[in-house]
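Here is coords-v1.tsv, consisting of TSV, C-alpha atoms:
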```
chain	number	residue	atom	x	y	z
A	1	MET	CA	162.09	240.35	151.86
A	2	ALA	CA	165.61	241.17	152.97
A	3	ALA	CA	164.37	244.23	154.83
A	4	ALA	CA	162.16	242.08	156.99
A	5	VAL	CA	165.25	240.44	158.44
A	6	LEU	CA	166.03	243.64	160.31
A	7	LEU	CA	164.54	243.01	163.70
A	8	ALA	CA	162.93	245.77	165.68
A	9	GLY	CA	162.75	244.56	169.26
A	10	CYS	CA	160.00	246.79	170.57
A	11	GLY	CA	159.61	249.07	167.51
A	12	SER	CA	156.18	250.36	166.52
A	13	GLY	CA	154.45	250.67	163.19
A	14	GLY	CA	154.73	254.46	162.95
A	15	GLU	CA	157.00	257.23	164.14
A	16	SER	CA	156.72	258.00	167.83
A	17	ALA	CA	158.81	260.74	169.41
A	18	ARG	CA	160.36	259.77	172.75
A	19	THR	CA	162.87	261.42	174.99
A	20	ASP	CA	165.86	259.89	176.67
A	21	GLY	CA	166.71	259.57	180.37
A	22	ALA	CA	163.87	259.11	182.82
A	23	ALA	CA	161.29	258.43	180.13
A	24	SER	CA	163.15	255.31	179.01
A	25	GLY	CA	164.42	254.22	182.38
A	26	GLY	CA	167.94	254.08	180.91
A	27	PRO	CA	171.10	256.18	180.85
A	28	GLY	CA	171.66	259.08	178.54
A	29	PRO	CA	171.99	262.85	178.16
A	30	SER	CA	169.13	265.15	179.05
A	31	ALA	CA	166.56	265.41	176.28
A	32	SER	CA	164.01	267.93	175.12
A	33	ALA	CA	160.56	266.55	174.36
A	34	SER	CA	159.23	266.60	170.81
A	35	SER	CA	155.65	265.92	169.80
A	36	SER	CA	156.47	265.12	166.18
A	37	ALA	CA	159.19	263.74	163.95
A	38	PRO	CA	161.47	266.12	162.02
A	39	ALA	CA	160.10	267.56	158.79
A	40	ALA	CA	160.24	265.17	155.86
A	41	VAL	CA	163.15	265.56	153.45
A	42	ALA	CA	163.25	264.31	149.86
A	43	PRO	CA	165.95	261.67	149.33
A	44	ALA	CA	169.07	262.43	147.32
A	45	ALA	CA	169.78	260.89	143.93
A	46	LYS	CA	171.37	257.46	144.16
A	47	GLY	CA	175.04	257.16	143.27
A	48	GLY	CA	175.75	253.61	144.39
A	49	THR	CA	175.18	251.02	147.11
A	50	VAL	CA	177.26	249.78	150.04
A	51	GLY	CA	176.95	246.80	152.36
A	52	ALA	CA	176.71	243.78	150.08
A	53	ALA	CA	179.64	241.43	149.59
A	54	GLY	CA	181.96	242.90	146.97
A	55	SER	CA	180.96	246.50	147.72
A	56	ALA	CA	183.35	249.10	149.14
A	57	CYS	CA	182.11	248.24	152.65
A	58	PRO	CA	180.74	244.73	153.31
A	59	LEU	CA	178.29	245.19	156.21
A	60	PRO	CA	175.39	243.49	158.02
A	61	VAL	CA	173.13	246.01	156.19
A	62	ALA	CA	173.04	247.47	152.69
A	63	PHE	CA	171.77	250.87	151.55
A	64	ASP	CA	172.01	253.39	148.73
A	65	VAL	CA	174.67	256.11	148.79
A	66	ALA	CA	174.01	259.60	147.45
A	67	ALA	CA	175.63	260.58	144.15
A	68	GLY	CA	179.18	261.84	144.65
A	69	TRP	CA	179.58	260.45	148.16
A	70	GLN	CA	182.65	258.23	148.52
A	71	PRO	CA	182.48	255.10	150.76
A	72	LYS	CA	185.62	253.65	152.32
A	73	LYS	CA	186.04	250.58	154.48
A	74	VAL	CA	187.50	251.43	157.90
A	75	GLU	CA	190.19	249.11	159.23
A	76	PRO	CA	192.38	249.20	162.38
A	77	VAL	CA	195.81	250.83	162.24
A	78	ASP	CA	198.54	248.17	162.20
A	79	ASP	CA	201.46	250.44	163.14
A	80	PRO	CA	202.17	249.91	166.89
A	81	ASP	CA	203.32	253.54	167.18
A	82	LEU	CA	199.90	254.71	165.98
A	83	ALA	CA	197.81	252.08	167.76
A	84	GLU	CA	196.14	254.71	169.94
A	85	LEU	CA	194.37	255.99	166.82
A	86	ASN	CA	192.26	252.85	166.95
A	87	GLU	CA	190.45	254.36	169.93
A	88	LEU	CA	188.86	256.79	167.48
A	89	LEU	CA	187.23	253.82	165.79
A	90	LYS	CA	185.35	252.87	168.96
A	91	GLN	CA	182.26	254.46	170.47
A	92	GLY	CA	180.89	252.51	173.39
A	93	PRO	CA	180.33	248.91	172.26
A	94	PHE	CA	180.46	249.90	168.57
A	95	THR	CA	183.29	249.84	166.02
A	96	MET	CA	183.39	252.04	162.94
A	97	ALA	CA	183.17	249.84	159.84
A	98	CYS	CA	182.54	252.28	157.00
A	99	GLU	CA	182.96	256.00	156.40
A	100	ILE	CA	181.13	257.64	153.51
A	101	ASP	CA	182.68	261.02	152.69
A	102	ALA	CA	180.44	263.83	151.44
A	103	LYS	CA	183.37	265.98	150.29
A	104	PRO	CA	183.36	264.76	146.65
A	105	ALA	CA	179.71	265.91	146.53
A	106	GLY	CA	180.62	269.37	147.81
A	107	ARG	CA	179.66	268.93	151.47
A	108	ILE	CA	181.82	268.67	154.60
A	109	GLY	CA	180.79	265.69	156.68
A	110	PHE	CA	180.37	261.94	156.83
A	111	LEU	CA	177.81	259.18	156.99
A	112	ARG	CA	179.41	256.51	159.17
A	113	VAL	CA	178.38	252.93	159.85
A	114	TRP	CA	179.16	251.38	163.25
A	115	THR	CA	178.72	247.70	164.07
A	116	GLY	CA	178.19	245.99	167.42
A	117	GLU	CA	178.42	242.39	168.57
A	118	GLY	CA	175.65	240.04	169.59
A	119	LYS	CA	172.81	238.30	167.78
A	120	ALA	CA	169.49	240.02	167.25
A	121	GLY	CA	166.90	239.09	169.82
A	122	ALA	CA	169.36	238.85	172.70
A	123	GLY	CA	169.10	241.41	175.42
A	124	GLN	CA	165.66	242.61	174.30
A	125	GLY	CA	165.08	243.89	177.80
A	126	GLY	CA	167.39	246.77	176.96
A	127	ASP	CA	170.57	246.14	178.93
A	128	GLY	CA	172.12	249.31	177.49
A	129	LYS	CA	175.33	247.51	176.55
A	130	GLY	CA	174.79	247.52	172.82
A	131	GLY	CA	175.70	243.94	171.90
A	132	GLY	CA	172.51	242.05	171.13
A	133	ALA	CA	170.40	244.89	172.50
A	134	ALA	CA	167.17	246.17	171.00
A	135	PRO	CA	167.67	249.22	168.75
A	136	ARG	CA	166.67	251.71	171.44
A	137	ALA	CA	169.12	250.35	174.02
A	138	ALA	CA	171.86	250.01	171.42
A	139	LEU	CA	171.39	253.60	170.28
A	140	GLU	CA	171.45	254.93	173.83
A	141	SER	CA	174.74	253.17	174.47
A	142	PHE	CA	176.17	254.75	171.32
A	143	VAL	CA	175.02	258.29	172.12
A	144	THR	CA	176.13	258.30	175.75
A	145	ALA	CA	179.61	257.12	174.71
A	146	ASP	CA	180.13	260.19	172.49
A	147	ASP	CA	183.08	262.19	173.83
A	148	ASP	CA	181.67	265.50	172.54
A	149	SER	CA	179.19	266.08	175.40
A	150	PRO	CA	175.97	264.87	173.74
A	151	GLY	CA	172.79	266.62	174.82
A	152	SER	CA	169.15	267.32	173.91
A	153	ALA	CA	168.69	263.81	172.56
A	154	ALA	CA	165.24	263.03	171.15
A	155	TYR	CA	164.56	259.38	170.29
A	156	ARG	CA	161.76	258.13	168.04
A	157	ASP	CA	160.61	254.86	166.49
A	158	VAL	CA	160.83	254.93	162.69
A	159	ARG	CA	160.23	252.70	159.68
A	160	VAL	CA	163.14	252.10	157.30
A	161	GLY	CA	163.79	250.22	154.10
A	162	PRO	CA	161.68	249.84	150.96
A	163	ASP	CA	158.01	250.48	151.81
A	164	GLY	CA	159.01	250.96	155.47
A	165	ALA	CA	159.35	247.20	155.86
A	166	ALA	CA	161.58	247.32	158.95
A	167	SER	CA	161.49	249.27	162.19
A	168	ALA	CA	164.36	251.06	163.91
A	169	THR	CA	165.12	253.78	166.44
A	170	GLU	CA	166.41	257.19	165.37
A	171	VAL	CA	167.86	259.98	167.49
A	172	THR	CA	168.68	263.64	166.94
A	173	TYR	CA	171.09	265.25	169.39
A	174	VAL	CA	173.73	267.97	169.64
A	175	VAL	CA	177.44	267.83	170.42
A	176	THR	CA	180.19	270.39	170.93
A	177	SER	CA	182.41	270.61	167.86
A	178	ALA	CA	186.06	270.50	168.93
A	179	LEU	CA	187.05	272.16	165.66
A	180	LEU	CA	184.68	275.13	165.83
A	181	ASP	CA	184.00	275.13	169.59
A	182	GLU	CA	180.28	275.37	168.95
A	183	ARG	CA	177.26	273.11	169.17
A	184	LYS	CA	176.18	271.15	166.11
A	185	PRO	CA	173.47	268.57	165.37
A	186	VAL	CA	174.05	264.85	164.87
A	187	ARG	CA	171.59	262.23	163.69
A	188	ALA	CA	171.90	258.48	164.26
A	189	LEU	CA	169.83	255.40	163.58
A	190	ALA	CA	170.01	251.89	165.06
A	191	VAL	CA	168.68	248.61	163.70
A	192	ALA	CA	169.07	245.06	164.96
A	193	THR	CA	170.28	242.40	162.53
A	194	PRO	CA	171.08	238.68	162.89
A	195	ARG	CA	174.74	239.72	163.05
A	196	GLY	CA	174.28	242.31	165.79
A	197	PRO	CA	173.16	245.94	166.11
A	198	VAL	CA	174.17	248.49	163.49
A	199	VAL	CA	174.25	252.28	163.88
A	200	LEU	CA	174.25	254.80	161.04
A	201	GLU	CA	175.53	258.25	162.04
A	202	LEU	CA	175.32	261.51	160.08
A	203	SER	CA	177.66	264.29	161.17
A	204	GLY	CA	178.52	267.51	159.33
A	205	MET	CA	181.08	270.17	160.11
A	206	ASP	CA	178.31	272.46	161.40
A	207	GLY	CA	174.56	272.85	161.40
A	208	GLU	CA	174.42	274.15	157.84
A	209	GLU	CA	176.38	271.22	156.47
A	210	HIS	CA	174.29	268.79	158.51
A	211	THR	CA	171.07	270.15	157.04
A	212	ALA	CA	172.48	270.04	153.50
A	213	MET	CA	173.33	266.34	153.95
A	214	LEU	CA	169.89	265.24	155.15
A	215	PRO	CA	168.75	264.12	151.66
A	216	ALA	CA	171.62	261.58	151.66
A	217	TRP	CA	170.48	260.43	155.10
A	218	GLU	CA	166.93	260.01	153.89
A	219	LEU	CA	168.13	257.98	150.89
A	220	ALA	CA	170.03	255.62	153.20
A	221	LYS	CA	167.02	255.18	155.49
A	222	ARG	CA	164.57	254.45	152.70
A	223	SER	CA	166.84	251.86	151.08
A	224	LEU	CA	168.19	250.12	154.19
A	225	THR	CA	167.97	246.31	154.11
A	226	ALA	CA	169.81	243.36	155.56
A	227	ALA	CA	172.93	242.27	153.67
A	228	GLY	CA	175.14	239.23	153.43
A	229	GLY	CA	178.38	241.20	153.29
```
With the file now loaded, output its structure as structure tokens.
Amino acid sequence: MAAAVLLAGCGSGGESARTDGAASGGPGPSASASSSAPAAVAPAAKGGTVGAAGSACPLPVAFDVAAGWQPKKVEPVDDPDLAELNELLKQGPFTMACEIDAKPAGRIGFLRVWTGEGKAGAGQGGDGKGGGAAPRAALESFVTADDDSPGSAAYRDVRVGPDGAASATEVTYVVTSALLDERKPVRALAVATPRGPVVLELSGMDGEEHTAMLPAWELAKRSLTAAGG
């Protein structure tokens, strides 16, 4: 029942691959067309849950975390001399709220949760500003704000939560890794909630790490519900 609170805007009942840019009438990096969703991946074993009040990261959504992954609430830096570091916690209209580290599970990467402002249902026309926008518009605003030259973005409508009770928009794209100076994949998902849009982002050190972390991503998607945290 909680999953049904996640509002979809214009989401569909199945998965439908869509590209960004001209096809959506909105801003965004160039995209390569895809006729099908990525291959299915079995979810990881559950190690805990985040999102609910009292959890490591109180959020507008709740979901299961893979065994060994360590969640940590993200808060602004108070030191005035380090205030510029707070810019790293912003991406477009979104603010990082939780960072779930895969390192304790033997992987190098993170599952991050970003929150936006605005009530669900507002801006359903897709204003591209994130706050109150439908999942597709919110996700576009997140991707285009990435400083690592996002490209080849492929958007698709997906079902999330227990029994696929809620709809969302998911995107796969590539960025240039500043650490390795090479391209790597990123995956992100946007849902609308009564407390504003939420984006989940999966990013590994490189393509190999990203692929190895997909079971944790699938676990989060399948368990995603609204939360009161």
Query - Near-stretch 94-97 of chain A list (7 Å; all atoms listed in the file; drop same-chain fewer than 4 positions) as a VMD selection string - result: chain A and resid 73 to 74 89 to 90 113 to 116
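Picture a line from atom CA of A:Leu214 to atom CA of A:Glu117; it runs 27.8 Å.
Of the residues listed (A:Thr172, A:Thr144, A:Ser203, A:Thr225), A:Thr225 shows the shortest atom-to-atom separation from A:Phe63; distances use only C-alpha atoms.
With only C-alpha atoms as the atoms that count, the residue of A:Gly207, A:Gly151, A:Pro76, A:Pro58 with the shortest distance to A:Leu88 is A:Pro76.
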Report summary line: Across A:Cys98, A:Ala134, A:Arg183, A:Ala44, the smallest distance to A:Trp217, with all atoms listed in the file counted, is shown by A:Ala44
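The two atoms in question, atom CA of A:Arg187 and atom CA of A:Glu170, are spaced 7.4 Å apart.
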Axis-aligned box for all listed atoms of stretch 97-112 of chain A, 4 Å per side, centre and edges in Å to one decimal, as AutoDock Vina command-line options:
```
--center_x 180.6 --center_y 259.6 --center_z 153.2 --size_x 13.6 --size_y 27.5 --size_z 21.3
```
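You will find atom CA of A:Pro150 at 28.1 Å from atom CA of A:Val50.
Among the candidates A:Leu139, A:Ala66, A:Ala226, A:Leu111, the one nearest to A:Arg195 when counting only C-alpha atoms is A:Ala226.
Using only C-alpha atoms, the shortest contact distance between A:Ala62 and any of A:Ala188, A:Val160, A:Leu180, A:Ala83 is found at A:Val160.
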Would you mind exporting stretch 177-190 of chain A with all heavy atoms, as a compact mmCIF listing (two decimals), in the first residue's frame?
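Once everything was written out, this is selection_16.txt:
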```
# COMPACT_ATOMS: atom_id res chain seq x y z
N SER A 177 35.14 9.56 -16.23
CA SER A 177 35.69 9.45 -14.90
C SER A 177 36.90 10.35 -14.75
O SER A 177 37.89 10.22 -15.49
CB SER A 177 36.10 7.99 -14.61
OG SER A 177 36.85 7.91 -13.42
N ALA A 178 36.84 11.30 -13.81
CA ALA A 178 37.97 12.20 -13.58
C ALA A 178 39.16 11.44 -13.02
O ALA A 178 40.31 11.78 -13.28
CB ALA A 178 37.55 13.30 -12.61
N LEU A 179 38.89 10.37 -12.28
CA LEU A 179 39.97 9.59 -11.67
C LEU A 179 40.73 8.76 -12.69
O LEU A 179 41.97 8.73 -12.69
CB LEU A 179 39.38 8.67 -10.59
CG LEU A 179 40.37 7.75 -9.86
CD1 LEU A 179 41.37 8.58 -9.08
CD2 LEU A 179 39.62 6.80 -8.95
N LEU A 180 40.00 8.10 -13.58
CA LEU A 180 40.64 7.21 -14.55
C LEU A 180 40.74 7.80 -15.94
O LEU A 180 41.36 7.20 -16.82
CB LEU A 180 39.85 5.89 -14.61
CG LEU A 180 39.70 5.12 -13.29
CD1 LEU A 180 38.83 3.90 -13.49
CD2 LEU A 180 41.06 4.73 -12.75
N ASP A 181 40.11 8.97 -16.14
CA ASP A 181 40.09 9.61 -17.46
C ASP A 181 39.56 8.66 -18.52
O ASP A 181 40.13 8.51 -19.60
CB ASP A 181 41.49 10.11 -17.83
CG ASP A 181 41.45 11.06 -19.04
OD1 ASP A 181 40.39 11.70 -19.24
OD2 ASP A 181 42.44 11.13 -19.78
N GLU A 182 38.48 7.98 -18.20
CA GLU A 182 37.84 7.09 -19.17
C GLU A 182 36.34 7.10 -18.93
O GLU A 182 35.86 7.54 -17.89
CB GLU A 182 38.37 5.66 -19.05
CG GLU A 182 38.07 5.00 -17.73
CD GLU A 182 38.64 3.59 -17.64
OE1 GLU A 182 39.72 3.34 -18.20
OE2 GLU A 182 37.99 2.74 -16.99
N ARG A 183 35.59 6.64 -19.92
CA ARG A 183 34.15 6.63 -19.82
C ARG A 183 33.69 5.47 -18.95
O ARG A 183 34.28 4.39 -18.93
CB ARG A 183 33.51 6.51 -21.21
CG ARG A 183 33.93 7.58 -22.19
CD ARG A 183 33.39 8.94 -21.80
NE ARG A 183 32.06 9.18 -22.35
CZ ARG A 183 31.33 10.25 -22.04
NH1 ARG A 183 31.78 11.15 -21.20
NH2 ARG A 183 30.15 10.42 -22.58
N LYS A 184 32.61 5.71 -18.19
CA LYS A 184 32.05 4.66 -17.35
C LYS A 184 30.53 4.82 -17.29
O LYS A 184 30.01 5.93 -17.46
CB LYS A 184 32.64 4.71 -15.94
CG LYS A 184 32.24 5.96 -15.16
CD LYS A 184 32.70 5.87 -13.71
CE LYS A 184 32.16 7.05 -12.90
NZ LYS A 184 32.50 6.93 -11.46
N PRO A 185 29.80 3.72 -17.08
CA PRO A 185 28.34 3.80 -17.03
C PRO A 185 27.83 4.28 -15.69
O PRO A 185 28.46 4.08 -14.64
CB PRO A 185 27.91 2.36 -17.30
CG PRO A 185 29.04 1.55 -16.74
CD PRO A 185 30.29 2.34 -17.01
N VAL A 186 26.67 4.91 -15.73
CA VAL A 186 25.94 5.33 -14.53
C VAL A 186 24.48 4.96 -14.74
O VAL A 186 23.97 5.00 -15.87
CB VAL A 186 26.06 6.86 -14.29
CG1 VAL A 186 25.21 7.28 -13.09
CG2 VAL A 186 27.50 7.26 -14.08
N ARG A 187 23.81 4.59 -13.68
CA ARG A 187 22.39 4.30 -13.76
C ARG A 187 21.66 5.13 -12.71
O ARG A 187 22.16 5.30 -11.59
CB ARG A 187 22.13 2.80 -13.52
CG ARG A 187 20.75 2.35 -13.95
CD ARG A 187 20.67 0.84 -14.00
NE ARG A 187 21.53 0.29 -15.05
CZ ARG A 187 21.38 -0.91 -15.59
NH1 ARG A 187 20.40 -1.70 -15.18
NH2 ARG A 187 22.20 -1.34 -16.51
N ALA A 188 20.51 5.67 -13.06
CA ALA A 188 19.75 6.49 -12.11
C ALA A 188 18.26 6.22 -12.30
O ALA A 188 17.81 5.80 -13.38
CB ALA A 188 20.05 7.97 -12.30
N LEU A 189 17.51 6.49 -11.25
CA LEU A 189 16.08 6.22 -11.23
C LEU A 189 15.39 7.36 -10.51
O LEU A 189 15.87 7.82 -9.47
CB LEU A 189 15.82 4.91 -10.49
CG LEU A 189 14.37 4.54 -10.19
CD1 LEU A 189 13.77 3.83 -11.39
CD2 LEU A 189 14.30 3.63 -8.97
N ALA A 190 14.27 7.83 -11.04
CA ALA A 190 13.51 8.91 -10.39
C ALA A 190 12.08 8.48 -10.10
O ALA A 190 11.45 7.83 -10.94
CB ALA A 190 13.51 10.17 -11.25
```
